[in-house]
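File shown: work39.csv (CSV, C-alpha atoms).
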chain,number,residue,atom,x,y,z
A,1,MET,CA,74.4,99.7,144.3
A,2,GLY,CA,77.7,98.0,143.5
A,3,PRO,CA,81.2,99.4,143.8
A,4,ALA,CA,81.2,99.7,140.0
A,5,ASN,CA,79.1,102.8,140.3
A,6,SER,CA,81.7,104.7,142.1
A,7,PHE,CA,83.8,105.0,138.9
A,8,PRO,CA,81.8,107.5,136.7
A,9,ASP,CA,84.3,107.6,133.8
A,10,SER,CA,84.7,103.9,133.5
A,11,PRO,CA,83.4,101.7,130.8
A,12,LEU,CA,80.8,100.4,133.2
A,13,GLY,CA,79.7,103.8,134.3
A,14,GLY,CA,78.2,104.8,131.0
A,15,GLY,CA,81.3,106.7,129.9
A,16,SER,CA,82.2,104.1,127.3
A,17,SER,CA,81.9,106.6,124.4
A,18,GLY,CA,85.1,108.2,125.8
A,19,ALA,CA,86.9,104.9,126.2
A,20,ASN,CA,90.0,104.3,124.1
A,21,LEU,CA,89.0,102.6,120.9
A,22,ALA,CA,92.1,100.4,120.9
A,23,ASP,CA,91.1,99.1,124.3
A,24,ILE,CA,87.6,98.4,123.2
A,25,LEU,CA,88.6,96.7,120.0
A,26,GLU,CA,91.2,94.6,121.8
A,27,ARG,CA,88.4,93.3,124.0
A,28,VAL,CA,85.4,92.9,121.7
A,29,LEU,CA,87.4,91.4,118.8
A,30,ASP,CA,89.9,89.3,120.7
A,31,LYS,CA,88.6,88.4,124.1
A,32,GLY,CA,84.9,87.6,124.3
A,33,ILE,CA,83.8,84.0,124.4
A,34,VAL,CA,83.6,82.4,120.9
A,35,ILE,CA,80.2,80.8,120.0
A,36,ALA,CA,79.5,79.3,116.6
A,37,GLY,CA,76.6,81.5,115.4
A,38,ASP,CA,74.5,80.8,112.3
A,39,ILE,CA,76.4,83.5,110.5
A,40,LYS,CA,79.9,82.1,110.4
A,41,ILE,CA,82.6,84.7,110.7
A,42,ASN,CA,85.8,83.4,112.1
A,43,LEU,CA,87.4,86.4,113.8
A,44,LEU,CA,90.2,84.1,115.0
A,45,ASP,CA,93.2,83.0,113.1
A,46,ILE,CA,94.1,84.4,109.7
A,47,GLU,CA,90.9,86.4,109.2
A,48,LEU,CA,91.3,88.5,112.3
A,49,LEU,CA,94.9,89.2,111.3
A,50,THR,CA,93.7,90.2,107.8
A,51,ILE,CA,91.2,92.5,109.3
A,52,LYS,CA,93.7,94.1,111.5
A,53,LEU,CA,96.1,94.5,108.7
A,54,ARG,CA,93.6,96.1,106.4
A,55,LEU,CA,92.5,98.5,109.1
A,56,ILE,CA,96.0,99.6,109.8
A,57,VAL,CA,97.4,100.0,106.4
A,58,ALA,CA,96.0,99.8,102.9
A,59,SER,CA,97.8,96.7,101.8
A,60,ILE,CA,100.2,94.0,102.8
A,61,ASP,CA,103.0,95.5,100.7
A,62,LYS,CA,102.7,98.8,102.4
A,63,ALA,CA,102.9,97.1,105.8
A,64,LYS,CA,106.1,95.3,104.9
A,65,GLU,CA,107.5,98.5,103.5
A,66,MET,CA,106.6,100.2,106.7
A,67,GLY,CA,108.2,97.5,108.8
A,68,ILE,CA,105.2,96.7,110.8
A,69,ASP,CA,105.6,93.3,112.3
A,70,TRP,CA,102.0,93.3,113.5
A,71,TRP,CA,101.7,89.6,114.0
A,72,GLU,CA,104.4,89.9,116.8
A,73,HIS,CA,103.3,93.1,118.4
A,74,ASP,CA,99.6,92.7,117.8
A,75,PRO,CA,99.2,96.5,117.3
A,76,ALA,CA,96.0,98.0,118.6
A,77,LEU,CA,93.4,98.6,116.0
A,78,SER,CA,93.4,102.3,115.1
A,79,SER,CA,93.4,104.7,112.3
A,80,GLY,CA,96.7,106.0,113.4
A,81,ALA,CA,98.7,104.4,110.6
A,82,ARG,CA,99.6,107.9,109.3
A,83,HIS,CA,101.7,108.5,112.5
A,84,GLN,CA,103.6,105.3,111.8
A,85,GLU,CA,104.4,106.5,108.3
A,86,LEU,CA,105.5,109.9,109.5
A,87,ALA,CA,107.8,108.3,112.1
A,88,ARG,CA,109.3,106.1,109.4
A,89,GLU,CA,109.8,109.0,107.1
A,90,ASN,CA,111.4,110.9,109.9
A,91,ALA,CA,113.8,108.1,110.7
A,92,GLU,CA,114.7,107.8,107.1
A,93,LEU,CA,115.5,111.5,106.8
A,94,ARG,CA,117.7,111.3,109.9
A,95,GLN,CA,119.6,108.5,108.4
A,96,ARG,CA,120.1,110.4,105.2
A,97,LEU,CA,121.3,113.4,107.2
A,98,ALA,CA,123.8,111.3,109.1
A,99,ALA,CA,125.1,109.9,105.8
A,100,LEU,CA,125.3,113.4,104.4
A,101,GLU,CA,127.2,114.6,107.4
A,102,ASP,CA,129.7,111.9,106.9
A,103,SER,CA,130.3,112.7,103.3
A,104,ARG,CA,130.5,116.4,104.0
A,105,ALA,CA,133.0,115.7,106.8
A,106,GLN,CA,135.3,114.0,104.3
A,107,ASP,CA,135.1,116.7,101.6
A,108,SER,CA,136.3,120.0,102.9
A,109,LEU,CA,133.8,122.9,103.0
A,110,ASP,CA,132.2,123.7,99.7
A,111,PRO,CA,132.3,127.5,99.0
A,112,ALA,CA,129.1,127.2,96.9
A,113,HIS,CA,127.1,126.5,100.1
A,114,GLU,CA,128.7,129.5,101.9
A,115,THR,CA,127.3,131.7,99.1
A,116,GLU,CA,123.9,130.1,99.4
A,117,THR,CA,123.6,130.6,103.1
A,118,SER,CA,124.8,134.3,103.1
A,119,ARG,CA,122.3,135.2,100.4
A,120,ASP,CA,120.1,138.2,101.2
B,1,MET,CA,63.7,93.5,105.5
B,2,THR,CA,65.1,90.4,107.1
B,3,GLU,CA,66.3,90.7,110.6
B,4,LEU,CA,69.0,88.6,112.3
B,5,ARG,CA,69.7,88.1,116.0
B,6,TYR,CA,72.9,89.6,117.3
B,7,VAL,CA,73.9,88.2,120.7
B,8,TYR,CA,75.9,90.3,123.0
B,9,ALA,CA,76.3,88.3,126.1
B,10,VAL,CA,74.9,85.5,128.3
B,11,CYS,CA,74.0,85.9,132.0
B,12,ASP,CA,72.1,84.2,134.7
B,13,SER,CA,68.6,85.4,135.1
B,14,LEU,CA,68.6,89.2,135.4
B,15,ASP,CA,67.3,90.7,138.6
B,16,ALA,CA,67.3,94.3,137.3
B,17,PRO,CA,66.2,95.4,133.9
B,18,LEU,CA,68.6,96.8,131.4
B,19,ALA,CA,68.9,100.6,131.2
B,20,SER,CA,66.2,101.6,128.8
B,21,ASP,CA,68.3,104.2,127.0
B,22,VAL,CA,70.9,101.8,125.7
B,23,THR,CA,71.1,101.7,121.9
B,24,GLY,CA,72.8,98.6,120.7
B,25,VAL,CA,74.4,97.6,117.5
B,26,ALA,CA,72.6,98.9,114.4
B,27,GLY,CA,70.6,101.3,116.6
B,28,ALA,CA,68.5,98.4,118.0
B,29,PRO,CA,67.8,98.4,121.7
B,30,PRO,CA,68.8,95.0,123.3
B,31,HIS,CA,66.2,92.7,124.7
B,32,LEU,CA,66.3,89.4,126.6
B,33,ILE,CA,65.7,85.8,125.6
B,34,ALA,CA,65.5,83.5,128.6
B,35,HIS,CA,65.9,79.8,128.1
B,36,ALA,CA,67.4,76.8,129.9
B,37,GLY,CA,67.9,78.9,133.0
B,38,LEU,CA,70.1,81.3,131.2
B,39,THR,CA,69.5,84.7,129.6
B,40,ALA,CA,70.8,85.9,126.3
B,41,VAL,CA,71.0,89.6,125.6
B,42,VAL,CA,70.0,90.0,122.0
B,43,GLY,CA,69.4,92.7,119.4
B,44,HIS,CA,67.6,92.6,116.0
B,45,VAL,CA,70.0,93.6,113.2
B,46,PRO,CA,69.4,94.0,109.5
B,47,ALA,CA,70.6,91.2,107.3
B,48,GLU,CA,71.9,93.7,104.8
B,49,GLN,CA,74.7,94.5,107.3
B,50,PHE,CA,75.0,91.2,109.2
B,51,ALA,CA,74.6,88.4,106.7
B,52,GLU,CA,77.8,86.6,106.0
B,53,THR,CA,79.1,88.4,102.9
B,54,ALA,CA,78.0,91.9,104.2
B,55,LEU,CA,79.5,91.2,107.6
B,56,ARG,CA,82.8,90.1,106.1
B,57,ARG,CA,83.0,93.3,104.1
B,58,ASN,CA,81.8,95.5,107.0
B,59,LEU,CA,84.4,94.2,109.4
B,60,GLU,CA,87.1,95.5,107.2
B,61,ASN,CA,85.6,99.0,107.3
B,62,LEU,CA,87.1,100.8,110.2
B,63,ASP,CA,84.3,103.3,110.6
B,64,TRP,CA,81.7,100.6,110.7
B,65,LEU,CA,83.8,98.4,113.0
B,66,SER,CA,84.4,101.3,115.4
B,67,GLU,CA,80.8,102.1,115.6
B,68,THR,CA,79.7,98.5,116.0
B,69,ALA,CA,82.4,97.9,118.6
B,70,ARG,CA,81.4,100.9,120.7
B,71,ALA,CA,77.7,99.9,120.5
B,72,HIS,CA,78.6,96.4,121.5
B,73,GLN,CA,80.7,97.6,124.4
B,74,SER,CA,78.0,100.0,125.6
B,75,VAL,CA,75.5,97.2,125.9
B,76,ILE,CA,78.0,95.0,127.7
B,77,ALA,CA,78.8,97.9,130.0
B,78,ALA,CA,75.1,98.6,130.8
B,79,LEU,CA,74.7,94.9,131.5
B,80,ALA,CA,77.8,94.7,133.7
B,81,SER,CA,76.3,97.4,136.0
B,82,VAL,CA,73.4,95.1,136.9
B,83,ALA,CA,75.0,91.6,136.4
B,84,SER,CA,78.2,89.8,135.7
B,85,PRO,CA,77.8,88.9,132.1
B,86,LEU,CA,79.7,86.5,129.9
B,87,PRO,CA,80.6,88.7,126.9
B,88,LEU,CA,80.5,87.1,123.5
B,89,ARG,CA,82.9,88.0,120.8
B,90,LEU,CA,81.8,90.8,118.4
B,91,ALA,CA,79.3,89.7,115.7
B,92,THR,CA,77.9,86.5,117.0
B,93,VAL,CA,74.8,86.3,114.8
B,94,PHE,CA,71.8,83.9,114.5
B,95,HIS,CA,69.0,83.6,112.0
B,96,ASP,CA,66.2,83.8,114.6
B,97,ASP,CA,65.2,83.4,118.2
B,98,SER,CA,65.1,79.6,118.1
B,99,GLY,CA,68.7,79.6,116.9
B,100,VAL,CA,69.6,81.6,120.0
B,101,ARG,CA,67.6,79.2,122.2
B,102,ALA,CA,69.3,76.2,120.7
B,103,MET,CA,72.6,77.8,121.3
B,104,LEU,CA,71.8,78.5,125.0
B,105,GLU,CA,70.7,74.9,125.4
B,106,GLY,CA,73.7,73.4,123.7
B,107,GLU,CA,76.3,75.5,125.5
B,108,ALA,CA,74.4,75.6,128.9
B,109,GLU,CA,77.0,73.6,130.8
B,110,ARG,CA,79.9,75.6,129.6
B,111,PHE,CA,78.1,78.9,130.2
B,112,ARG,CA,77.2,78.0,133.8
B,113,ALA,CA,80.7,77.1,134.6
B,114,SER,CA,82.0,80.4,133.2
B,115,LEU,CA,79.3,82.4,134.9
B,116,ASP,CA,80.2,80.8,138.3
B,117,ARG,CA,83.8,81.7,137.7
B,118,LEU,CA,83.0,85.4,136.8
B,119,ARG,CA,80.3,86.0,139.4
B,120,ASP,CA,80.6,89.4,141.1
B,121,ARG,CA,83.9,90.0,139.4
B,122,VAL,CA,85.1,92.7,137.0
B,123,GLU,CA,88.1,93.2,134.8
B,124,TRP,CA,90.7,95.9,135.3
B,125,GLY,CA,93.2,96.8,132.6
B,126,VAL,CA,96.6,98.0,133.6
B,127,LYS,CA,99.2,99.3,131.1
B,128,VAL,CA,102.7,100.6,131.7
B,129,HIS,CA,104.2,103.0,129.1
B,130,VAL,CA,107.8,104.2,129.0
B,131,GLU,CA,107.5,107.9,128.6
B,132,THR,CA,111.0,109.0,128.0
B,133,ALA,CA,112.9,107.4,125.2
B,134,SER,CA,110.6,105.8,122.8
B,135,GLN,CA,109.0,108.6,120.8
B,136,THR,CA,111.8,111.0,120.6
B,137,GLY,CA,114.3,108.1,120.3
B,138,GLN,CA,112.8,107.0,117.0
B,139,ASP,CA,113.4,110.1,115.1
B,140,GLY,CA,117.0,110.2,116.3
B,141,THR,CA,116.6,113.3,118.5
B,142,PRO,CA,118.9,113.0,121.5
B,143,THR,CA,116.9,112.5,124.7
B,144,PRO,CA,118.7,112.1,128.0
B,145,THR,CA,116.9,109.5,130.0
B,146,GLY,CA,114.6,110.9,132.6
B,147,ALA,CA,114.9,114.5,131.3
B,148,SER,CA,112.2,116.2,129.3
B,149,ALA,CA,112.9,116.1,125.7
B,150,ALA,CA,111.7,119.4,124.3
B,151,PRO,CA,114.2,122.0,125.6
B,152,ASN,CA,117.2,120.0,124.8
B,153,GLY,CA,115.9,118.9,121.5
B,154,GLY,CA,116.2,122.3,119.9
B,155,ARG,CA,119.6,123.0,121.2
B,156,ARG,CA,121.1,119.8,120.0
B,157,GLU,CA,119.5,120.3,116.7
B,158,ARG,CA,121.6,123.4,116.3
B,159,LEU,CA,124.7,121.6,117.6
B,160,SER,CA,124.0,119.1,114.9
B,161,SER,CA,124.2,121.8,112.3
B,162,ALA,CA,127.4,123.0,113.8
B,163,ALA,CA,128.8,119.5,113.7
B,164,LEU,CA,127.9,119.5,110.0
B,165,ALA,CA,130.0,122.5,109.4
B,166,SER,CA,133.0,121.4,111.5
B,167,GLY,CA,132.8,117.9,110.0
B,168,SER,CA,132.2,115.8,113.0
B,169,GLY,CA,129.8,113.3,111.6
B,170,ARG,CA,131.5,110.6,113.6
B,171,ASP,CA,130.7,112.5,116.8
B,172,PHE,CA,127.1,112.5,115.8
B,173,LEU,CA,127.1,108.7,115.2
B,174,ARG,CA,128.9,108.1,118.5
B,175,ARG,CA,126.3,110.2,120.3
B,176,ARG,CA,123.5,108.2,118.7
B,177,ARG,CA,125.1,105.0,119.9
B,178,ALA,CA,125.3,106.3,123.5
B,179,GLU,CA,121.6,107.3,123.3
B,180,ARG,CA,120.7,103.8,122.2
B,181,THR,CA,122.4,102.4,125.2
B,182,GLU,CA,120.6,104.8,127.6
B,183,ARG,CA,117.4,103.8,125.9
B,184,ASP,CA,118.0,100.1,126.4
B,185,ASP,CA,118.8,100.8,130.1
B,186,ALA,CA,115.5,102.7,130.5
B,187,TRP,CA,113.6,99.8,128.9
B,188,ARG,CA,115.2,97.3,131.1
B,189,LEU,CA,114.2,99.3,134.2
B,190,ALA,CA,110.7,99.6,132.8
B,191,GLU,CA,110.4,95.9,132.2
B,192,THR,CA,111.6,95.2,135.7
B,193,PHE,CA,109.0,97.6,137.1
B,194,ALA,CA,106.3,96.2,134.9
B,195,GLN,CA,107.1,92.6,136.0
B,196,GLU,CA,107.0,93.5,139.7
B,197,LEU,CA,103.8,95.4,139.3
B,198,HIS,CA,102.2,92.5,137.4
B,199,ASP,CA,103.3,90.0,140.1
B,200,ALA,CA,101.9,92.2,142.9
B,201,LEU,CA,98.6,92.8,141.0
B,202,ALA,CA,98.2,89.1,140.0
B,203,GLY,CA,98.6,88.3,143.7
B,204,ARG,CA,95.6,90.6,144.5
B,205,ALA,CA,93.5,89.3,141.7
B,206,ASP,CA,91.6,86.0,141.1
B,207,ASP,CA,93.1,85.7,137.7
B,208,ALA,CA,95.4,87.6,135.4
B,209,ARG,CA,96.2,87.7,131.7
B,210,ILE,CA,99.0,89.4,129.9
B,211,HIS,CA,98.1,90.7,126.5
B,212,PRO,CA,100.5,91.6,123.7
B,213,PRO,CA,101.7,95.2,124.1
B,214,GLN,CA,99.8,97.8,122.1
B,215,ASN,CA,101.7,99.6,119.5
B,216,SER,CA,101.9,103.1,120.8
B,217,GLU,CA,101.8,104.8,117.5
B,218,LEU,CA,98.7,103.0,116.5
B,219,SER,CA,96.8,103.2,119.8
B,220,GLY,CA,97.6,106.9,119.9
B,221,SER,CA,99.0,106.9,123.4
B,222,SER,CA,102.4,108.3,124.1
B,223,GLY,CA,105.3,106.2,125.0
B,224,ARG,CA,106.2,102.6,124.5
B,225,ASN,CA,103.8,100.0,126.0
B,226,VAL,CA,105.8,97.5,128.0
B,227,LEU,CA,102.9,95.9,130.0
B,228,ASN,CA,99.3,95.3,128.8
B,229,ALA,CA,97.6,93.2,131.3
B,230,ALA,CA,94.1,92.4,132.6
B,231,TYR,CA,93.1,91.3,136.1
B,232,LEU,CA,89.9,89.6,137.3
B,233,VAL,CA,89.0,91.3,140.6
B,234,HIS,CA,86.0,90.7,142.9
B,235,ARG,CA,83.8,93.8,143.2
B,236,SER,CA,84.4,94.0,146.9
B,237,GLU,CA,88.2,94.2,146.3
B,238,ALA,CA,87.9,96.8,143.5
B,239,GLU,CA,88.7,99.8,145.7
B,240,SER,CA,91.8,98.4,147.2
B,241,PHE,CA,93.0,97.1,143.9
B,242,VAL,CA,92.6,100.6,142.3
B,243,GLU,CA,94.3,102.2,145.2
B,244,TYR,CA,97.3,99.9,145.0
B,245,VAL,CA,97.7,100.6,141.3
B,246,ASN,CA,97.5,104.4,141.8
B,247,ARG,CA,100.0,104.2,144.7
B,248,ASP,CA,102.5,102.1,142.8
B,249,ALA,CA,102.2,104.4,139.8
B,250,GLU,CA,103.7,107.2,141.8
B,251,ARG,CA,107.0,105.4,142.4
B,252,ALA,CA,107.7,105.1,138.7
B,253,PRO,CA,109.5,108.1,137.3
B,254,GLY,CA,109.6,108.2,133.5
B,255,LEU,CA,106.8,105.6,133.4
B,256,ARG,CA,103.1,106.0,133.0
B,257,VAL,CA,100.7,103.5,134.5
B,258,GLU,CA,97.3,103.5,132.9
B,259,LEU,CA,94.3,101.9,134.6
B,260,THR,CA,91.1,101.2,132.6
B,261,GLY,CA,87.9,99.6,133.9
B,262,PRO,CA,86.0,98.2,135.5
B,263,TRP,CA,85.2,96.2,132.3
B,264,ALA,CA,83.0,93.2,132.0
B,265,ALA,CA,85.3,90.2,132.3
B,266,TYR,CA,86.2,90.0,128.6
B,267,SER,CA,89.7,88.7,129.0
B,268,PHE,CA,88.5,85.9,131.3
B,269,SER,CA,85.5,84.7,129.4
B,270,THR,CA,87.4,81.6,128.2
B,271,PRO,CA,88.2,79.2,131.0
B,272,PRO,CA,91.9,79.0,131.9
B,273,GLU,CA,92.3,75.5,130.5
B,274,GLU,CA,91.1,76.5,127.1
B,275,ARG,CA,93.4,79.6,126.8
B,276,SER,CA,96.5,79.5,124.8
B,277,GLU,CA,99.6,80.2,126.7
B,278,ALA,CA,99.9,83.9,127.5
B,279,ARG,CA,102.9,85.7,126.2
B,280,PRO,CA,105.5,85.9,128.9
B,281,ALA,CA,107.4,89.1,129.5
B,282,ALA,CA,106.2,92.6,128.9
B,283,GLY,CA,107.8,94.1,125.9
B,284,GLY,CA,109.6,90.8,125.2
B,285,THR,CA,108.6,90.7,121.6
B,286,ARG,CA,110.9,93.5,120.5
Take the structure in this file and express it as structure tokens.
Amino acid sequence: MGPANSFPDSPLGGGSSGANLADILERVLDKGIVIAGDIKINLLDIELLTIKLRLIVASIDKAKEMGIDWWEHDPALSSGARHQELARENAELRQRLAALEDSRAQDSLDPAHETETSRD
Amino acid sequence: MTELRYVYAVCDSLDAPLASDVTGVAGAPPHLIAHAGLTAVVGHVPAEQFAETALRRNLENLDWLSETARAHQSVIAALASVASPLPLRLATVFHDDSGVRAMLEGEAERFRASLDRLRDRVEWGVKVHVETASQTGQDGTPTPTGASAAPNGGRRERLSSAALASGSGRDFLRRRRAERTERDDAWRLAETFAQELHDALAGRADDARIHPPQNSELSGSSGRNVLNAAYLVHRSEAESFVEYVNRDAERAPGLRVELTGPWAAYSFSTPPEERSEARPAAGGTR
């Protein structure tokens, strides 16, 4: 009985169904030894990057639009792309708010808004 | 229905049998092919899913890929509990058993060298995340470094509305600049901690690799990932390695140290001389 057995929740202890998918994909797609099989799928190079990209977002245009520089950061493979989009939307809204504040600061207070906020 | 051979890993001859309840890729239980003094762990998979065109298409389907990756890992994990396997990359497929045998024979020298290097060793993954600034920082909510974000967030939100009324948009922008500086400081501290932790762990391991940081939003873990490393550790050293990581994690306020493993030695399956240069600093790609 090796020391590995003393970690029941570990990937070696049979608990792999609970292991983080990003960690698993990082290893099985990127790390294992590469052997040229009869079925030639080159997971390296451009194809792997294409796979990652397609998993993360629907298209290249969308990735660029979302500002994901995945080839630098090598983002984990995950279906969490929606979070990224929310964060981006959020940041954009904040930016608009800041701009709005600036323009409101220059104009004096607009009475029309006072009416709107005190409405019953 | 044509069946192909999916190879998970190569090992020395196995002393213990594989756990009988392991379901492999495509629901097929793995079996062994022994040849040239080596053992390949193999599953029969349907050509409809694993022939070239189908495989290419399937690899781009996240559900299929997730399921296959988990099945692949579960076989490797079962194997790693009875041996020190050399894990093959996902979707290494041959037409038939003789193709697998030819591969074992052709690669025998390389396999033996790698198996010797990995014998009785496992891989531990260590990641360091910055808890404080990253998530709340991105949506522009002010977050004092080291403090919890939630209670302040709401109050400042209202301050922000007040600022709107009194016309201090410039204050708002000034505050955002200050936060950005605090955030940069927090990251610098985190990167220093990560570098020191990595140096200490690398000194305790037979080998170490730094992987690119995982994108926190995509991996679903909170905080910004500043270190994503793997360490090759002898089984007899596992306990003290884990203890060291846990102890060091406690002296890192605002940071989260995540330990995963033991894994089969995925990150070390390629010999050091064949590896491309690892990226240097944690979080250096920002």
One residue among B:Ala265, B:Ala200, B:Ala28, B:Ala113 is nearest to chain A when using all atoms listed in the file, and that residue is B:Ala265
Residue neighbourhood segment 105-109 of chain B, 8 Å, all atoms listed in the file, exclusion window fewer than 4 positions, as a PyMOL selection string = chain B and resi 35-36+38+101+113
### Task
State, in Å with one decimal place, the distance from atom CA of Asp120 of chain B to atom CA of Ala83 of chain B.
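For atom CA of Asp120 of chain B relative to atom CA of Ala83 of chain B, the distance reads 7.6 Å.
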- Message: as number ranges by chain, please: the residues near Val34 of chain A (cut-off 7 Å, only C-alpha atoms, same-chain neighbours under 2 positions excluded).
- Response: A: 32, 36; B: 88-89
- Within 8 Å of Val226 of chain B using all atoms listed in the file, minus same-chain residues under 5 positions, as a VMD selection string: chain B and resid 127 to 130 190 to 191 194 213 282 to 283
_Separation of atom CA of Gly37 of chain A from atom CA of Gly27 of chain B in Å_ =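 Taking atom CA of Gly27 of chain B as the start and atom CA of Gly37 of chain A as the end point, the length is 20.7 Å.
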Atom CA of Glu3 of chain B sits from atom CA of Pro17 of chain B at a separation of 23.8 Å
Q. In terms of the shortest atom-to-atom distance over only C-alpha atoms, which of B:Ala91, B:Met1, B:Ala186, B:Ala264 is closest to Ile76 of chain B?
A.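 Among B:Ala91, B:Met1, B:Ala186, B:Ala264, it is B:Ala264 that comes nearest to Ile76 of chain B.
Nearest to Leu115 of chain B of all the residues B:Ala208, B:Val45, B:Ala230, B:Val10 is B:Val10, based on only C-alpha atoms.
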Next on the checklist: With only C-alpha atoms as the counted atoms, please give the residues lying no more than 7 Å from Val22 of chain B, apart from itself and same-chain residues fewer than 3 positions off, as an MDAnalysis selection string.
Outcome noted: chainID B and resid 19 29 75
Residue with the minimum atom-to-atom distance to chain A, picked from B:Glu179, B:Glu239, B:Asp206, B:Asp185 with only C-alpha atoms counted, is B:Glu239
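For the choices A:Asn90, A:Ile35, A:Ile41, A:Asp102, the atom-to-atom distance to Leu104 of chain B is smallest for A:Ile35 when using all atoms listed in the file.
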